[in-house]
Amino acid sequence: MAREIAKAYEPQQIEPRWADFWVKEALFQADANAPGPIFSIVIPPPNVTGSLHIGHMLDHTEIDILTRWHRMRGYNTLYLPGTDHAGISTQRVVVRQLAEQGINYRELGREEFLKRVWKWKEESGGTIQRQMRQIGDSCDWSREKFTLSPELSPVVREAFVRLYEEGLIYRENRLLNWCPVCLTVLSDLEVVHEERQGHLWHIKYPVAGTQEFLVVATTRPETMLGDTAVAVNPEDERYVHLVGKKALLPLMNREIPIIADAMVDREFGTGAVKITPAHDPNDFEVGRRHKLAEIDVMTDDGKMNAAAGAYAGMDRFEARKKIVEDLKALGLLEKITEHTNAIGLCERSKTIVEPRASTQWFCKMKPLAEPAIAAVERGEIQIVPDNRREEYFNWMRNIRDWTLSRQLWWGHRIPAWYCKENRHVIVAREAPAKCATCGSANLEQDSDVLDTWFSSGLWPISTLGWPENTEDFKTYYPTSLLITGYDILFFWVARMIMLGIHSTGKVPFRAVYLHSLVRTGSGEKMSKSKGTGLDPVALNQQYGTDAMRFCLASMAAPGTDIVLSEDKLTSARNFANKIWNAARFLFVNLDRFEESGTKLDELAAPEVRAKAPYAYRGRVPLVDAWMFARLAATVELVNEALANYRFHEAAQGVYQFFWGDFCDWYIEWVKPELQSADRERATVAWKNLFAAFDAALRLLHPFMPFLTEELWHQLPQRAGAKSIALDQFPEAQDHWKNARAMGNVDAIQEVVTALRNIRAELKLDPKKR
RNA sequence: GGGCGACUAGCUCAGUUGGUUAGAGCGCUCCCCUCACACGGGAGAGGUCAAAGGUUCAAGUCCUUUGUCGCCCACCA
């Protein structure tokens with residue numbers, strides 16, 4: 001009796017079952033002692049700031065395709081999952097949540113606040129884990145990691161202390177980017193620049209003891225309150241006579257020196273620059289050279305402080321307005337001109353950053369960068385696509401020291417302690433009992449935390465057990481490949497390369513594939529905060545995970561960003577349906593065929609099917625020969641494409657093959673054969689059809705794991721067995737274990753050699769059909 | 001101020017080392033709900049490959065210039 005199969009593919013009915021099954025069976029658990037060449041990959045750990053977005057899905061799809069593909073070809077495969085605590089981002093999320101409840105996080109205190117963040121982390125981490133299972137990530141959940149876990153924290157401290165002991169980590173007072181909303185310093189990378197139309201205010205500074213004015217031009221008038229000099233170029237004949245004299249700082253009525261410094265560009269503005277060492281990086285340098293006072297006129301949160309005199313308490317931009325008004329009233333504002341400049345914004349809060357001086361921890365990067373540059377030059381790490389190599393080199397060759405400390409609470413606490421008496425510094429793996437210098441037991445730990453990218457930078461080594469030489473580390477490090485978006489090349493990839501090589505002497509991965517970003521129709525980077533992100537959960541519901549995966553893969557051409565559209569998702573869903581219906585045809589008609597006599601018992605045994613194609617009276621039927629030639633060509637194409645990260649070619653190749661060749665031509669062609677009164681002839685047709693179909697499923701599996709898994713389970717079933725209850729069908733269990741191997745496909749490739757002769761003889765071009 | 005990328009059918013995009021009549025999906029026109037699939041099948045229209053010049057037996061593919069758009073990097077007040 002023919003089995004009942006739904007007419008349309010309903011992924012929602014099928015996917016959750018296999019998602020659970022894969023986890024329950026621990027099917028993808030890695031074994032360091034298993035045979036086979038190694039393919040290991042660690043996930044780019046998603047931030048625990050919420051849930052996975054469509055960009056993650058691209059990451060995960062590509063990683064999973066390659067992982068499954070390698071696993072099917074007999075590799076000892078590890079796909080290690082995990083999440084990132086994402087210091088500043090996560091802290092911001094929780095701060096905002098608290099604010100919505102009317103709670104000021106600072107009033108909550110550090111300890112209580114961290115409890116709230118951990119609670120949020122559990123929630124977000126759980127969501128991410130569920131999503132990853134839902135989208136079919138074939139990772140080893142027993143090895144799941146978290147960057148801020150008790151397991152990894154000692155590793156992070158170890159790395160920090162080692163770098164400190166090597167003299168690469170130091171503490172210094174510098175002028176740095178400060179975010180008045182996040183209340184922390186930021187590294188250069190965390191500041192994004194944006195061109196904005198602004199003004200250049202020309203302000204007249206009276207020269208003391210004369211009737212003259214010195215006119216300076218500034219884009220930030222409010223900083224003048226902290227001016228401690230005016231500088232001109234020493235070569236500038238317009239101003240030489242003023243050097244050494246004093247200027248009277250308007251509004252503050254403070255006398256400040258007029259100095260000469262080569263840094264001043266005579267062409268720009270008026271050729272005279274107000275010097276505010278506490279609020280401008282250039283001025284800071286000038287200030288240090290000329291031993292000028294540094295007057296900070298602002299508070300942490302961007303308001304004017306007591307040093308700002310009458311303006312104290314005002315917001316910095318409010319103060320700007322007021323100062324301009326006041327100068328105008330005093331007749332000291334010469335003019336205002338239009339001026340566009342690139343202003344720095346905090347990457348997270350989009351607040352205008354304020355340069356401020358503070359004492360922070362830094363890491364010297366030149367010594368770390370050199371071997372990291374060399375490793376890429378020597379090809380020990382391959383960067384794909386090629387043009388990103390140059391970006392990497394360019395950044396690495398101009399690298400500046402990395403600001404490691406952040407004034408946040410959520411993160412790895414800096415392993416440094418100070419004695420309260422003398423502020424001696426002790427850097428140690430564990431909390432010390434007393435000061436190494438003066439013996440004081442009165443110690444306090446540095447209140448800052450590490451930049452979140454420091455622990456991310458250690459990810460490939462920390463997750464595999466470094467600094468211990470564990471089985472996992474020995475077997476799976478260096479990892480085979482890193483797949484991530486190009487937008488974090490500097491933030492993350494470069495740092496992993498530097499820290500990996502420095503810590504272990506070996507590169508952390510042999511290749512980096514930097515994929516495109518998924519954008520919305522309007523071309524923006526998808527982002528939840530902007531509300532432009534597509535919800536992968538909703539899309540999965542609507543189209544099915546397999547369709548999503550296939551769609552992303554078929555669009556993942558390197559170089560250009562991906563714009564996802566309903567059209568493409570629909571087309572991928574239709575493809576899944578096509579596969580489903582081809583199977584439906586096979587299964588239903590096979591049942592009918594068997595009911596009429598011959599049983600194709602061997603169909604269930606993969607080792608028999610691997611001998612396809614079957615011959616009819618010593619001769620392989622022509623269409624079958626053609627089919628297997630096409631199949632073999634597709635196998636070659638897919639293997640070649642995946643080996644080079646050309647996911648779209650692979651996906652389009654299987655699509656073309658399955659729809660165009662297998663369905664449109666082959667199935668249609670053999671339909672009469674399957675009904676043939678010649679029993680042997682019909683049997684051969686059936687066997688070849690199933691062999692080809694089985695091979696096609698293997699090709700499709702990395703892209704569409706759910707659908708193929710489902711069909712594999714149905715493939716060996718005898719007529720009458722309607723439901724899939726695996727524990728009741730030991731035979732089926734053997735089958736699916738075997739199904740995840742490429743074996744059959746490889747066997748077919750061997751057959752092709754023989755087929756070439758037939759093809760040549762009959763002038764059949766498999767590409768032209 | 002540097003660097004990178006894009007510009008191919010109405011739309012969204014493939015087309016890696018230059019080689020026969022430039023492809024796909026969607027859309028469009030005509031026919032078909034034929035016993036796997038209308039989330040389908042068949043037939044078809046549609047492109048001087050942004051512009052100009054150059055190299056070559058041969059260029060969407062290499063070189064030069066220009067235009068439009070996008071991105072990244074950069075401490076000029």
# chains A, B, ... in the order shown; residues from 1 in each chain; ligands from 1
$ residues_around --residues "B:G47" --least-positions-apart "5" --cutoff "12 Å" --atoms "only C-alpha atoms (C1' of nucleotides)" --output "PyMOL selection string"
chain B and resi 8-10+22-23+60
$ closest_atom_pairs --of "chain B" --to "chain A" --cutoff "6 Å" --atoms "only C-alpha atoms (C1' of nucleotides)" --output "Markdown table"
| residue | atom | partner | partner_atom | distance |
| --- | --- | --- | --- | --- |
| B:A36 | C1' | A:Phe585 | CA | 4.0 |
| B:C37 | C1' | A:Asn581 | CA | 5.2 |
| B:C39 | C1' | A:Asn574 | CA | 4.5 |
| B:C75 | C1' | A:Pro281 | CA | 5.8 |
| B:A77 | C1' | A:Thr218 | CA | 5.6 |
$ write_last_selection --atoms "all heavy atoms" --output "short mmCIF file (atom, residue, chain, number, x, y, z; two decimals), in the first residue's frame"
data_model
loop_
_atom_site.label_atom_id
_atom_site.label_comp_id
_atom_site.auth_asym_id
_atom_site.auth_seq_id
_atom_site.Cartn_x
_atom_site.Cartn_y
_atom_site.Cartn_z
P A B 36 2.63 11.65 -11.35
OP1 A B 36 2.96 12.39 -12.57
OP2 A B 36 2.88 10.20 -11.31
"O5'" A B 36 3.39 12.31 -10.13
"C5'" A B 36 3.02 11.97 -8.77
"C4'" A B 36 3.64 12.97 -7.84
"O4'" A B 36 5.09 12.88 -7.95
"C3'" A B 36 3.33 14.44 -8.16
"O3'" A B 36 2.10 14.81 -7.55
"C2'" A B 36 4.53 15.15 -7.53
"O2'" A B 36 4.38 15.22 -6.13
"C1'" A B 36 5.66 14.17 -7.85
N9 A B 36 6.35 14.46 -9.11
C8 A B 36 6.00 14.06 -10.36
N7 A B 36 6.83 14.45 -11.31
C5 A B 36 7.79 15.16 -10.60
C6 A B 36 8.95 15.84 -11.02
N6 A B 36 9.35 15.90 -12.30
N1 A B 36 9.68 16.45 -10.07
C2 A B 36 9.27 16.38 -8.80
N3 A B 36 8.20 15.78 -8.28
C4 A B 36 7.50 15.18 -9.24
P C B 37 1.23 15.97 -8.20
OP1 C B 37 -0.04 15.99 -7.47
OP2 C B 37 1.26 15.78 -9.67
"O5'" C B 37 2.03 17.31 -7.87
"C5'" C B 37 2.10 17.79 -6.52
"C4'" C B 37 3.19 18.82 -6.43
"O4'" C B 37 4.43 18.25 -6.92
"C3'" C B 37 3.00 20.05 -7.31
"O3'" C B 37 2.19 21.01 -6.65
"C2'" C B 37 4.42 20.56 -7.46
"O2'" C B 37 4.84 21.30 -6.33
"C1'" C B 37 5.21 19.26 -7.52
N1 C B 37 5.55 18.86 -8.89
C2 C B 37 6.79 19.29 -9.41
O2 C B 37 7.52 19.98 -8.71
N3 C B 37 7.12 18.95 -10.68
C4 C B 37 6.29 18.21 -11.40
N4 C B 37 6.66 17.89 -12.66
C5 C B 37 5.03 17.76 -10.90
C6 C B 37 4.70 18.11 -9.65
P C B 39 1.11 27.56 -5.68
OP1 C B 39 0.54 26.55 -4.85
OP2 C B 39 0.82 28.98 -5.45
"O5'" C B 39 2.71 27.37 -5.72
"C5'" C B 39 3.63 28.45 -6.10
"C4'" C B 39 5.00 27.87 -5.94
"O4'" C B 39 5.26 27.83 -4.52
"C3'" C B 39 5.02 26.44 -6.46
"O3'" C B 39 5.57 26.28 -7.77
"C2'" C B 39 5.48 25.55 -5.28
"O2'" C B 39 6.68 24.87 -5.56
"C1'" C B 39 5.67 26.55 -4.13
N1 C B 39 4.93 26.19 -2.90
C2 C B 39 5.67 25.73 -1.81
O2 C B 39 6.89 25.61 -1.93
N3 C B 39 5.02 25.44 -0.66
C4 C B 39 3.69 25.59 -0.58
N4 C B 39 3.10 25.29 0.57
C5 C B 39 2.93 26.05 -1.68
C6 C B 39 3.58 26.35 -2.80
P C B 75 43.81 59.29 13.27
OP1 C B 75 44.86 59.03 14.22
OP2 C B 75 42.49 58.63 13.41
"O5'" C B 75 43.59 60.86 13.21
"C5'" C B 75 42.45 61.41 13.83
"C4'" C B 75 42.79 62.75 14.42
"O4'" C B 75 43.74 62.59 15.50
"C3'" C B 75 43.51 63.69 13.44
"O3'" C B 75 42.56 64.40 12.68
"C2'" C B 75 44.28 64.59 14.36
"O2'" C B 75 43.47 65.60 14.91
"C1'" C B 75 44.71 63.63 15.49
N1 C B 75 46.05 63.04 15.31
C2 C B 75 47.17 63.89 15.19
O2 C B 75 47.00 65.11 15.22
N3 C B 75 48.37 63.34 15.04
C4 C B 75 48.52 62.01 15.01
N4 C B 75 49.74 61.52 14.86
C5 C B 75 47.41 61.14 15.13
C6 C B 75 46.21 61.69 15.28
P A B 77 39.92 69.44 12.02
OP1 A B 77 39.04 68.33 12.26
OP2 A B 77 40.03 70.08 10.72
"O5'" A B 77 39.59 70.55 13.11
"C5'" A B 77 40.39 71.67 13.27
"C4'" A B 77 40.95 71.68 14.65
"O4'" A B 77 42.30 72.13 14.57
"C3'" A B 77 40.21 72.63 15.58
"O3'" A B 77 40.21 72.11 16.90
"C2'" A B 77 41.02 73.91 15.47
"O2'" A B 77 41.02 74.63 16.66
"C1'" A B 77 42.43 73.44 15.16
N9 A B 77 43.13 74.29 14.18
C8 A B 77 42.63 75.31 13.43
N7 A B 77 43.53 75.90 12.68
C5 A B 77 44.70 75.21 12.97
C6 A B 77 46.01 75.36 12.48
N6 A B 77 46.38 76.27 11.60
N1 A B 77 46.95 74.52 12.96
C2 A B 77 46.59 73.61 13.85
N3 A B 77 45.38 73.36 14.37
C4 A B 77 44.47 74.22 13.88
#
$ atom_distance --atom1 "atom CA of A:Lys474" --atom2 "atom CA of A:Pro150"
22.5 Å
$ select_by_dssp --residues "stretch 187-386 of chain A" --states "helix (DSSP H, G or I)" --output "number ranges by chain"
A: 188-190, 221-226, 240-242, 281-290, 306-311, 316-329, 366-377
$ write_last_selection --atoms "C-alpha atoms" --output "PDB file, in the first residue's frame"
ATOM      1  CA  ASP A 188      40.451  54.153  18.322  1.00  0.00           C
ATOM      2  CA  LEU A 189      38.499  51.368  16.689  1.00  0.00           C
ATOM      3  CA  GLU A 190      35.466  51.977  18.828  1.00  0.00           C
ATOM      4  CA  PRO A 221      34.543  76.960  21.393  1.00  0.00           C
ATOM      5  CA  GLU A 222      33.591  75.426  24.747  1.00  0.00           C
ATOM      6  CA  THR A 223      37.054  73.984  25.123  1.00  0.00           C
ATOM      7  CA  MET A 224      38.573  77.457  25.211  1.00  0.00           C
ATOM      8  CA  LEU A 225      37.778  77.560  28.918  1.00  0.00           C
ATOM      9  CA  GLY A 226      40.620  75.116  29.353  1.00  0.00           C
ATOM     10  CA  VAL A 240      56.737  86.204  15.313  1.00  0.00           C
ATOM     11  CA  HIS A 241      56.620  89.446  17.217  1.00  0.00           C
ATOM     12  CA  LEU A 242      53.965  88.004  19.529  1.00  0.00           C
ATOM     13  CA  PRO A 281      45.071  65.196  21.110  1.00  0.00           C
ATOM     14  CA  ASN A 282      47.305  67.618  19.210  1.00  0.00           C
ATOM     15  CA  ASP A 283      47.113  70.197  21.932  1.00  0.00           C
ATOM     16  CA  PHE A 284      47.932  67.505  24.424  1.00  0.00           C
ATOM     17  CA  GLU A 285      51.196  66.797  22.626  1.00  0.00           C
ATOM     18  CA  VAL A 286      51.986  70.495  22.385  1.00  0.00           C
ATOM     19  CA  GLY A 287      51.168  70.865  26.044  1.00  0.00           C
ATOM     20  CA  ARG A 288      53.575  68.137  27.032  1.00  0.00           C
ATOM     21  CA  ARG A 289      56.306  69.640  24.858  1.00  0.00           C
ATOM     22  CA  HIS A 290      55.846  73.067  26.389  1.00  0.00           C
ATOM     23  CA  ALA A 306      33.964  73.804  38.252  1.00  0.00           C
ATOM     24  CA  ALA A 307      37.015  74.756  36.190  1.00  0.00           C
ATOM     25  CA  ALA A 308      34.630  76.159  33.594  1.00  0.00           C
ATOM     26  CA  GLY A 309      33.797  79.104  35.803  1.00  0.00           C
ATOM     27  CA  ALA A 310      30.445  80.649  35.031  1.00  0.00           C
ATOM     28  CA  TYR A 311      29.591  77.796  32.684  1.00  0.00           C
ATOM     29  CA  ARG A 316      28.940  70.890  26.758  1.00  0.00           C
ATOM     30  CA  PHE A 317      26.831  71.890  23.750  1.00  0.00           C
ATOM     31  CA  GLU A 318      24.704  74.245  25.738  1.00  0.00           C
ATOM     32  CA  ALA A 319      27.906  75.844  26.955  1.00  0.00           C
ATOM     33  CA  ARG A 320      29.119  76.137  23.393  1.00  0.00           C
ATOM     34  CA  LYS A 321      26.057  78.159  22.444  1.00  0.00           C
ATOM     35  CA  LYS A 322      26.300  80.386  25.483  1.00  0.00           C
ATOM     36  CA  ILE A 323      30.000  81.002  25.002  1.00  0.00           C
ATOM     37  CA  VAL A 324      29.486  82.025  21.393  1.00  0.00           C
ATOM     38  CA  GLU A 325      26.749  84.413  22.478  1.00  0.00           C
ATOM     39  CA  ASP A 326      28.898  85.865  25.206  1.00  0.00           C
ATOM     40  CA  LEU A 327      31.853  86.355  22.898  1.00  0.00           C
ATOM     41  CA  LYS A 328      29.620  88.062  20.403  1.00  0.00           C
ATOM     42  CA  ALA A 329      28.365  90.406  23.102  1.00  0.00           C
ATOM     43  CA  LYS A 366      54.361  46.641  17.309  1.00  0.00           C
ATOM     44  CA  PRO A 367      56.098  43.559  18.731  1.00  0.00           C
ATOM     45  CA  LEU A 368      52.873  41.581  18.397  1.00  0.00           C
ATOM     46  CA  ALA A 369      52.103  42.880  14.935  1.00  0.00           C
ATOM     47  CA  GLU A 370      55.386  42.005  13.306  1.00  0.00           C
ATOM     48  CA  PRO A 371      55.080  38.207  13.497  1.00  0.00           C
ATOM     49  CA  ALA A 372      51.390  38.509  12.651  1.00  0.00           C
ATOM     50  CA  ILE A 373      52.240  40.389   9.480  1.00  0.00           C
ATOM     51  CA  ALA A 374      54.919  37.867   8.621  1.00  0.00           C
ATOM     52  CA  ALA A 375      52.572  34.919   9.091  1.00  0.00           C
ATOM     53  CA  VAL A 376      50.169  36.298   6.524  1.00  0.00           C
ATOM     54  CA  GLU A 377      52.989  37.274   4.181  1.00  0.00           C
TER      55      GLU A 377
END
$ atom_distance --atom1 "atom C1' of B:C72" --atom2 "atom CA of A:Ser358"
29.0 Å
$ closest_residue --among "A:Ala538, A:Leu499, A:Leu168, A:Cys419" --to "A:Phe362" --atoms "only C-alpha atoms"
A:Leu168
$ residues_around --residues "B:C69" --least-positions-apart "6" --cutoff "12 Å" --atoms "only C-alpha atoms (C1' of nucleotides)" --output "PyMOL selection string"
(chain A and resi 523) or (chain B and resi 5-7+50)
$ write_last_selection --atoms "all heavy atoms" --output "PDB file, in the first residue's frame"
ATOM      1  N   GLY A 523      20.058  49.139   1.615  1.00  0.00           N
ATOM      2  CA  GLY A 523      21.507  49.086   1.585  1.00  0.00           C
ATOM      3  C   GLY A 523      22.173  49.284   2.933  1.00  0.00           C
ATOM      4  O   GLY A 523      23.381  49.206   3.049  1.00  0.00           O
TER       5      GLY A 523
ATOM      6  P     G B   5      39.478  46.796  -5.531  1.00  0.00           P
ATOM      7  OP1   G B   5      39.953  45.440  -5.880  1.00  0.00           O
ATOM      8  OP2   G B   5      39.891  47.967  -6.335  1.00  0.00           O
ATOM      9  O5'   G B   5      37.892  46.789  -5.444  1.00  0.00           O
ATOM     10  C5'   G B   5      37.221  45.741  -4.772  1.00  0.00           C
ATOM     11  C4'   G B   5      35.773  46.087  -4.574  1.00  0.00           C
ATOM     12  O4'   G B   5      35.651  47.358  -3.878  1.00  0.00           O
ATOM     13  C3'   G B   5      34.966  46.330  -5.836  1.00  0.00           C
ATOM     14  O3'   G B   5      34.611  45.130  -6.486  1.00  0.00           O
ATOM     15  C2'   G B   5      33.754  47.055  -5.260  1.00  0.00           C
ATOM     16  O2'   G B   5      32.884  46.170  -4.599  1.00  0.00           O
ATOM     17  C1'   G B   5      34.423  47.971  -4.240  1.00  0.00           C
ATOM     18  N9    G B   5      34.672  49.304  -4.803  1.00  0.00           N
ATOM     19  C8    G B   5      35.865  49.846  -5.197  1.00  0.00           C
ATOM     20  N7    G B   5      35.751  51.075  -5.650  1.00  0.00           N
ATOM     21  C5    G B   5      34.396  51.350  -5.545  1.00  0.00           C
ATOM     22  C6    G B   5      33.652  52.515  -5.881  1.00  0.00           C
ATOM     23  O6    G B   5      34.062  53.572  -6.348  1.00  0.00           O
ATOM     24  N1    G B   5      32.298  52.358  -5.614  1.00  0.00           N
ATOM     25  C2    G B   5      31.721  51.223  -5.103  1.00  0.00           C
ATOM     26  N2    G B   5      30.394  51.259  -4.928  1.00  0.00           N
ATOM     27  N3    G B   5      32.393  50.125  -4.783  1.00  0.00           N
ATOM     28  C4    G B   5      33.713  50.263  -5.029  1.00  0.00           C
ATOM     29  P     A B   6      34.288  45.172  -8.048  1.00  0.00           P
ATOM     30  OP1   A B   6      34.157  43.776  -8.483  1.00  0.00           O
ATOM     31  OP2   A B   6      35.208  46.090  -8.760  1.00  0.00           O
ATOM     32  O5'   A B   6      32.842  45.855  -8.053  1.00  0.00           O
ATOM     33  C5'   A B   6      31.722  45.180  -7.456  1.00  0.00           C
ATOM     34  C4'   A B   6      30.521  46.082  -7.498  1.00  0.00           C
ATOM     35  O4'   A B   6      30.845  47.333  -6.833  1.00  0.00           O
ATOM     36  C3'   A B   6      30.090  46.516  -8.890  1.00  0.00           C
ATOM     37  O3'   A B   6      29.283  45.537  -9.499  1.00  0.00           O
ATOM     38  C2'   A B   6      29.318  47.799  -8.590  1.00  0.00           C
ATOM     39  O2'   A B   6      28.025  47.523  -8.096  1.00  0.00           O
ATOM     40  C1'   A B   6      30.164  48.410  -7.466  1.00  0.00           C
ATOM     41  N9    A B   6      31.155  49.371  -7.961  1.00  0.00           N
ATOM     42  C8    A B   6      32.502  49.193  -8.130  1.00  0.00           C
ATOM     43  N7    A B   6      33.130  50.267  -8.564  1.00  0.00           N
ATOM     44  C5    A B   6      32.119  51.213  -8.695  1.00  0.00           C
ATOM     45  C6    A B   6      32.121  52.553  -9.112  1.00  0.00           C
ATOM     46  N6    A B   6      33.221  53.212  -9.490  1.00  0.00           N
ATOM     47  N1    A B   6      30.939  53.207  -9.131  1.00  0.00           N
ATOM     48  C2    A B   6      29.828  52.547  -8.750  1.00  0.00           C
ATOM     49  N3    A B   6      29.700  51.282  -8.334  1.00  0.00           N
ATOM     50  C4    A B   6      30.895  50.669  -8.325  1.00  0.00           C
ATOM     51  P     C B   7      29.466  45.357 -11.101  1.00  0.00           P
ATOM     52  OP1   C B   7      28.799  44.090 -11.412  1.00  0.00           O
ATOM     53  OP2   C B   7      30.864  45.584 -11.501  1.00  0.00           O
ATOM     54  O5'   C B   7      28.612  46.550 -11.718  1.00  0.00           O
ATOM     55  C5'   C B   7      27.203  46.687 -11.394  1.00  0.00           C
ATOM     56  C4'   C B   7      26.751  48.070 -11.869  1.00  0.00           C
ATOM     57  O4'   C B   7      27.718  49.010 -11.355  1.00  0.00           O
ATOM     58  C3'   C B   7      26.726  48.224 -13.378  1.00  0.00           C
ATOM     59  O3'   C B   7      25.403  48.531 -13.844  1.00  0.00           O
ATOM     60  C2'   C B   7      27.626  49.392 -13.689  1.00  0.00           C
ATOM     61  O2'   C B   7      26.932  50.398 -14.426  1.00  0.00           O
ATOM     62  C1'   C B   7      27.978  49.983 -12.329  1.00  0.00           C
ATOM     63  N1    C B   7      29.384  50.389 -12.252  1.00  0.00           N
ATOM     64  C2    C B   7      29.676  51.755 -12.394  1.00  0.00           C
ATOM     65  O2    C B   7      28.731  52.555 -12.567  1.00  0.00           O
ATOM     66  N3    C B   7      30.964  52.162 -12.343  1.00  0.00           N
ATOM     67  C4    C B   7      31.945  51.274 -12.149  1.00  0.00           C
ATOM     68  N4    C B   7      33.182  51.724 -12.112  1.00  0.00           N
ATOM     69  C5    C B   7      31.672  49.881 -11.994  1.00  0.00           C
ATOM     70  C6    C B   7      30.387  49.481 -12.052  1.00  0.00           C
ATOM     71  P     A B  50      29.213  47.933 -17.897  1.00  0.00           P
ATOM     72  OP1   A B  50      30.552  47.938 -18.524  1.00  0.00           O
ATOM     73  OP2   A B  50      29.008  47.467 -16.511  1.00  0.00           O
ATOM     74  O5'   A B  50      28.642  49.416 -18.038  1.00  0.00           O
ATOM     75  C5'   A B  50      27.242  49.659 -18.117  1.00  0.00           C
ATOM     76  C4'   A B  50      27.053  51.152 -18.178  1.00  0.00           C
ATOM     77  O4'   A B  50      27.424  51.728 -16.886  1.00  0.00           O
ATOM     78  C3'   A B  50      27.960  51.853 -19.185  1.00  0.00           C
ATOM     79  O3'   A B  50      27.375  51.863 -20.472  1.00  0.00           O
ATOM     80  C2'   A B  50      28.082  53.247 -18.586  1.00  0.00           C
ATOM     81  O2'   A B  50      26.926  54.017 -18.862  1.00  0.00           O
ATOM     82  C1'   A B  50      28.135  52.938 -17.090  1.00  0.00           C
ATOM     83  N9    A B  50      29.499  52.733 -16.589  1.00  0.00           N
ATOM     84  C8    A B  50      30.028  51.591 -16.044  1.00  0.00           C
ATOM     85  N7    A B  50      31.283  51.699 -15.686  1.00  0.00           N
ATOM     86  C5    A B  50      31.604  53.004 -16.012  1.00  0.00           C
ATOM     87  C6    A B  50      32.794  53.742 -15.872  1.00  0.00           C
ATOM     88  N6    A B  50      33.911  53.255 -15.339  1.00  0.00           N
ATOM     89  N1    A B  50      32.800  55.027 -16.288  1.00  0.00           N
ATOM     90  C2    A B  50      31.683  55.525 -16.811  1.00  0.00           C
ATOM     91  N3    A B  50      30.481  54.935 -16.998  1.00  0.00           N
ATOM     92  C4    A B  50      30.515  53.667 -16.567  1.00  0.00           C
TER      93        A B  50
END
$ closest_residue --among "A:Ala556, A:Leu78, A:Asn540, A:Lys291" --to "A:Leu569" --atoms "only C-alpha atoms"
A:Asn540
$ closest_residue --among "A:Leu464, A:Ile65, A:Leu108, A:Leu214" --to "A:Pro508" --atoms "only C-alpha atoms"
A:Leu464
